Amino acid sequence: MKHVLVIGGGVAGMEASVRLSQMGYAVSIVEQSDKLGGKLNRWHSLSPDNSNASDLLGKLKSQIHQGIHKHLNTEVLSVIKNKLHFVVGLSDGTDLKTDAILVSTGFDVFDAQKKEEYGYGIYDNVITSADLEQIFRDEDELKTTSGTAPKRIGIIHCVGSRDEKAGHTYCSQVCCITAVKQAIEIKEHLPDSEVFCFYMDLRMFGRKFEDIYRDAQVKHGIQFIRGRLSEAFENPDGSVMLKAEDTLLGKPLKMNVDKVILMVGMIASAKTKKIKELLNLQIEDDGFYSIADTHYESTKSSVPGIFVAGACTGPKTIENTINDARAAAIQISEYLKQ
């Protein structure tokens, strides 16, 4: 029986492992953390249907049967390529001989502290979209540092994305819809609050995304301001002064809010560079892995026998990540049958 090693146990890694196992291949997953699921473990609900992230995570995990061997708290230390297979040394002391490798190391969330002008890590009432999702997941209440419910909330789009100063000029794809989703959730929890979204351009490309955007305005009264935040300052009472420009009106704008949510984008995983060196892979200027062909071989790397799937090749929605993993399983099977 031919063997496939999957590096990374997030959404892409789990889905590809299940599909490969169903095709009759032996599969091993190497995951550096103590559990499978990746970023999905810290998410509350998913767009566009507001489904529970835990339900999807449970469904993916339920299909990881005993025949799929898991190496948790484990990293890849060495890779030696022979003519027909790879010998992979793992940090748990295991040496695996495998016929193909799938890299699904996912993404990292942009560190908002690198945008010092926004005040994350400096002002207590500035948090990120990931922080807010954790609050929802833990069923906590969104509060100011004084313990009161915020009356005005500012949501800042494109933090770390489409930003030359941050070094990431690409769109992270999911930030706009996540901002609208979270704005609606805030209004559902705090119906008397005012919520303002500061955006560059709204990229609501997915099915039903535009409907959600319309509902945010019409049903929930969420206000959208086209303009990028320039600075944030903390007031003596702990509230935050936002300075921006309304680019539709062509006027500078100042607004006091009680809470600021920074929509942090996707960046290439810190594991990308390490795995790149071990496997002799190529990466693009944006830090994500190169692929053989954008349209036809989107999960093949430049090295025969090594494949890539999920957000390690660029920002993706969960739907696209799952489809990418399934495509990778098919391309790996075609490779192994040759």
# chains A, B, ... in the order shown; residues from 1 in each chain; ligands from 1
>>> residues_around(residues="A:His3", least_positions_apart="4", cutoff="9 Å", atoms="only C-alpha atoms", output="NGL selection string")
:A and (25-28 or 97-101)
>>> select_by_dssp(residues="stretch 143-312 of chain A", states="alpha helix (DSSP H)", output="MDAnalysis selection string")
chainID A and resid 175:189 209:218 270:279
>>> write_last_selection(atoms="C-alpha atoms", output="short mmCIF file (atom, residue, chain, number, x, y, z; two decimals), in the first residue's frame")
data_model
loop_
_atom_site.label_atom_id
_atom_site.label_comp_id
_atom_site.auth_asym_id
_atom_site.auth_seq_id
_atom_site.Cartn_x
_atom_site.Cartn_y
_atom_site.Cartn_z
CA CYS A 175 -11.85 40.10 5.82
CA CYS A 176 -14.78 42.01 4.30
CA ILE A 177 -17.34 39.28 4.84
CA THR A 178 -15.94 38.55 8.32
CA ALA A 179 -16.26 42.23 9.21
CA VAL A 180 -19.90 42.31 8.09
CA LYS A 181 -20.63 39.03 9.88
CA GLN A 182 -19.09 40.26 13.10
CA ALA A 183 -20.82 43.64 12.84
CA ILE A 184 -24.18 41.87 12.62
CA GLU A 185 -23.28 39.65 15.59
CA ILE A 186 -22.37 42.73 17.62
CA LYS A 187 -25.73 44.34 16.81
CA GLU A 188 -27.54 41.13 17.75
CA HIS A 189 -25.78 41.10 21.13
CA PHE A 209 -22.14 37.82 0.51
CA GLU A 210 -23.84 40.81 -1.11
CA ASP A 211 -27.14 39.84 0.54
CA ILE A 212 -25.46 39.82 3.96
CA TYR A 213 -23.95 43.25 3.26
CA ARG A 214 -27.38 44.60 2.32
CA ASP A 215 -28.96 43.12 5.46
CA ALA A 216 -26.23 44.69 7.58
CA GLN A 217 -27.31 48.12 6.39
CA VAL A 218 -31.08 47.70 6.08
CA ALA A 270 5.96 30.93 9.84
CA LYS A 271 6.34 27.23 8.99
CA THR A 272 6.44 28.05 5.28
CA LYS A 273 10.10 29.07 5.17
CA LYS A 274 11.24 26.08 7.24
CA ILE A 275 9.33 23.55 5.14
CA LYS A 276 10.49 25.32 1.98
CA GLU A 277 14.11 24.65 2.90
CA LEU A 278 13.49 21.02 3.84
CA LEU A 279 11.56 20.21 0.66
#
>>> residues_around(residues="A:Phe136", least_positions_apart="3", cutoff="9 Å", atoms="only C-alpha atoms", output="PDB file with C-alpha atoms, in the first residue's frame")
ATOM      1  CA  TRP A  43     -13.390  30.395  15.468  1.00  0.00           C
ATOM      2  CA  HIS A  44     -17.032  30.843  16.431  1.00  0.00           C
ATOM      3  CA  SER A  45     -19.192  30.996  13.286  1.00  0.00           C
ATOM      4  CA  ASP A 131      -9.935  38.273  19.591  1.00  0.00           C
ATOM      5  CA  LEU A 132     -13.604  39.071  18.979  1.00  0.00           C
ATOM      6  CA  GLU A 133     -14.252  35.651  17.484  1.00  0.00           C
ATOM      7  CA  GLU A 139     -19.885  33.090  25.000  1.00  0.00           C
ATOM      8  CA  ASP A 140     -18.464  36.128  26.747  1.00  0.00           C
ATOM      9  CA  GLU A 141     -19.913  39.624  26.464  1.00  0.00           C
ATOM     10  CA  LEU A 142     -18.175  42.331  24.462  1.00  0.00           C
ATOM     11  CA  GLU A 185     -23.285  39.653  15.585  1.00  0.00           C
TER      12      GLU A 185
END
>>> residues_around(residues="stretch 262-268 of chain A", least_positions_apart="2", cutoff="6 Å", atoms="only C-alpha atoms", output="number ranges by chain")
A: 107-110, 128-129, 156-157, 159-161, 172, 287-288
>>> closest_residue(among="A:Leu249, A:Val126, A:Val303, A:Leu40", to="A:Ile155", atoms="only C-alpha atoms")
A:Val126
>>> residues_around(residues="A:Phe196", least_positions_apart="2", cutoff="8 Å", atoms="only C-alpha atoms", output="PyMOL selection string")
chain A and resi 152-155+194+198+222-225
>>> residues_around(residues="stretch 64-80 of chain A", least_positions_apart="2", cutoff="6 Å", atoms="only C-alpha atoms", output="number ranges by chain")
A: 27-34, 61-62, 86-92
>>> atom_distance(atom1="atom CA of A:Ile261", atom2="atom CA of A:Ile127")
5.2 Å
>>> atom_distance(atom1="atom CA of A:Thr247", atom2="atom CA of A:Arg226")
5.8 Å
>>> closest_residue(among="A:Asp192, A:Asp201, A:Asp286, A:Asp258", to="A:Leu242", atoms="only C-alpha atoms")
A:Asp258
>>> closest_residue(among="A:Cys158, A:Lys143, A:Lys254, A:Tyr123", to="A:Gly238", atoms="only C-alpha atoms")
A:Tyr123
>>> closest_residue(among="A:Ser290, A:Thr169, A:Gln22, A:Gln134", to="A:Ala53", atoms="only C-alpha atoms")
A:Gln134
>>> closest_atom_pairs(of="stretch 2-118 of chain A", to="stretch 305-312 of chain A", cutoff="9 Å", atoms="only C-alpha atoms", output="Markdown table")
| residue | atom | partner | partner_atom | distance |
| --- | --- | --- | --- | --- |
| A:Gly10 | CA | A:Gly310 | CA | 9.0 |
| A:Val11 | CA | A:Gly310 | CA | 7.9 |
| A:Ala12 | CA | A:Gly310 | CA | 5.3 |
| A:Gly13 | CA | A:Ala309 | CA | 7.8 |
| A:Ala16 | CA | A:Ala309 | CA | 8.5 |
| A:Leu84 | CA | A:Gly305 | CA | 8.9 |
| A:His85 | CA | A:Gly305 | CA | 8.2 |
| A:Phe86 | CA | A:Gly305 | CA | 8.8 |
| A:Asp99 | CA | A:Gly305 | CA | 7.2 |
| A:Ala100 | CA | A:Gly305 | CA | 4.9 |
| A:Ile101 | CA | A:Ile306 | CA | 4.8 |
| A:Leu102 | CA | A:Phe307 | CA | 4.6 |
| A:Val103 | CA | A:Val308 | CA | 4.7 |
| A:Ser104 | CA | A:Ala309 | CA | 5.2 |
| A:Thr105 | CA | A:Cys312 | CA | 5.7 |
| A:Gly106 | CA | A:Cys312 | CA | 4.6 |
| A:Phe107 | CA | A:Ala311 | CA | 5.7 |
>>> write_last_selection(atoms="C-alpha atoms", output="CSV table (one decimal), in the first residue's frame")
chain,number,residue,atom,x,y,z
A,10,GLY,CA,-5.8,22.0,9.7
A,11,VAL,CA,-8.9,22.0,7.5
A,12,ALA,CA,-7.0,21.2,4.3
A,13,GLY,CA,-4.8,18.5,5.9
A,16,ALA,CA,-7.2,15.6,2.1
A,84,LEU,CA,10.7,6.6,-5.8
A,85,HIS,CA,10.1,7.8,-2.2
A,86,PHE,CA,11.0,10.2,0.6
A,99,ASP,CA,5.6,7.9,-1.6
A,100,ALA,CA,4.2,11.5,-1.7
A,101,ILE,CA,4.0,14.5,0.5
A,102,LEU,CA,1.2,17.0,0.9
A,103,VAL,CA,2.1,20.4,2.5
A,104,SER,CA,-1.0,22.0,4.1
A,105,THR,CA,0.6,24.3,6.7
A,106,GLY,CA,-2.1,27.0,6.5
A,107,PHE,CA,-1.6,30.7,7.3
>>> atom_distance(atom1="atom CA of A:Asp124", atom2="atom CA of A:Cys197")
19.7 Å
>>> decode(residues="stretch 239-266 of chain A", atoms="C-alpha atoms", output="CSV table (one decimal), in the first residue's frame")
chain,number,residue,atom,x,y,z
A,239,SER,CA,-12.4,55.5,24.6
A,240,VAL,CA,-10.6,55.8,21.3
A,241,MET,CA,-10.4,58.7,18.9
A,242,LEU,CA,-10.3,57.5,15.3
A,243,LYS,CA,-8.8,59.8,12.6
A,244,ALA,CA,-9.6,58.9,9.0
A,245,GLU,CA,-10.7,60.4,5.7
A,246,ASP,CA,-14.1,59.8,4.2
A,247,THR,CA,-13.0,59.3,0.6
A,248,LEU,CA,-16.5,59.5,-0.7
A,249,LEU,CA,-17.0,63.0,0.7
A,250,GLY,CA,-13.4,63.9,0.4
A,251,LYS,CA,-13.3,65.2,4.0
A,252,PRO,CA,-11.2,64.3,7.1
A,253,LEU,CA,-13.1,62.6,9.8
A,254,LYS,CA,-12.8,62.2,13.6
A,255,MET,CA,-14.9,59.8,15.6
A,256,ASN,CA,-14.9,58.7,19.2
A,257,VAL,CA,-15.7,55.0,19.8
A,258,ASP,CA,-15.8,52.8,22.8
A,259,LYS,CA,-14.3,49.7,21.1
A,260,VAL,CA,-12.1,49.2,18.0
A,261,ILE,CA,-12.0,45.9,16.1
A,262,LEU,CA,-9.1,45.4,13.7
A,263,MET,CA,-9.8,43.0,10.8
A,264,VAL,CA,-6.5,41.3,10.6
A,265,GLY,CA,-5.6,39.5,7.3
A,266,MET,CA,-3.8,36.3,6.4
